Amino acid sequence: MIQTGKDKPIVFVSHVEEDAAVASEIKNWLEDKLRERVEVFVSSDEGIKPGDKWEERIIDKLQSCCIALVVCTQTSVRQPWVNFEAGGAWVQGARVIPLCYHGQRKDMLPRPLSSRHALDLSEPNDVNKLLKTIAEEAGLSAPDIDPDPNELMERLPQRNYEELEADGKLPDIRVEVNQTFIFDSQGRPIHLLSIEAQNYDKNSVFLGLPCIAIQNSRNRFSISRDSVTNMPVQTGELKPGDSRSVIVDPMRFEMEDIEQLGEVIFRDKIGREFKGSAEATLRAIQHWKSMKGL
């Protein structure tokens, strides 16, 4: 039940251990600006001691909060606990607001966080929106003075260099599409497509299932099984220097014009997309068709 009456409205700040300093500064800033008329709960600031029933305290605050702020960094969005807390607040009717920081972009949030309107703590307008939204949701009048968004931005810990770099460019994951073939039991060639992701970056990247876009459409075909082995397509960590491939039979797409297939896309856990070119897909398909005599 959301707290009302004389009790202070509760704002729950969800975060992972690595982002405790970010969550703590958000708490201090909100309580300063709203003159302690809200209770901001940050589990890492609450003095939970060994032996305490910390899960019960967290669940109690989740059930009582009117707003849940989710600190979204490139580290936290990969952690199931953050999604658990966000889901718990969402189910009981609280407003859930993802707060992007440390290189995490709003347009690259994974689901289910991407289904909520997110704010970026490095954007002054978004910081102002955050304060105004909390004041309104908690039934408070707006602060008497205009907030200075730079004040929160100056309080927050410096952004990690590697994450800041990732904010501006994607890791070097190269996606290729080629025509290939295998032999059947009678030695006859079966012509197929080979889709491959290669990691030329210095860091590992967690890749999900590949898909193929349809040109001039938002639709995509997800590729979940290898057409040769019929085994599920591998997902998970792709280390520097490694590659991952899957064999696809174009006949499985059941399209009138198979040449409308476009770029091949691999996504990572934080929503970044690594794409091959639509031209490469078309060349591979045309080669496949010529080998099939189509």
# chains A, B, ... in the order shown; residues from 1 in each chain; ligands from 1

call {"tool": "closest_atom_pairs", "arguments": {"of": "stretch 223-267 of chain A", "to": "stretch 173-180 of chain A", "cutoff": "9 Å", "atoms": "only C-alpha atoms", "output": "tab-separated table"}}
result
residue	atom	partner	partner_atom	distance
A:Ile247	CA	A:Thr180	CA	8.3
A:Glu263	CA	A:Val177	CA	9.0
A:Val264	CA	A:Val175	CA	7.3
A:Ile265	CA	A:Val175	CA	7.6
A:Phe266	CA	A:Val175	CA	8.0

call {"tool": "select_by_dssp", "arguments": {"residues": "stretch 112-285 of chain A", "states": "alpha helix (DSSP H)", "output": "VMD selection string"}}
result
chain A and resid 124 to 137 149 to 155 161 to 168 278 to 285
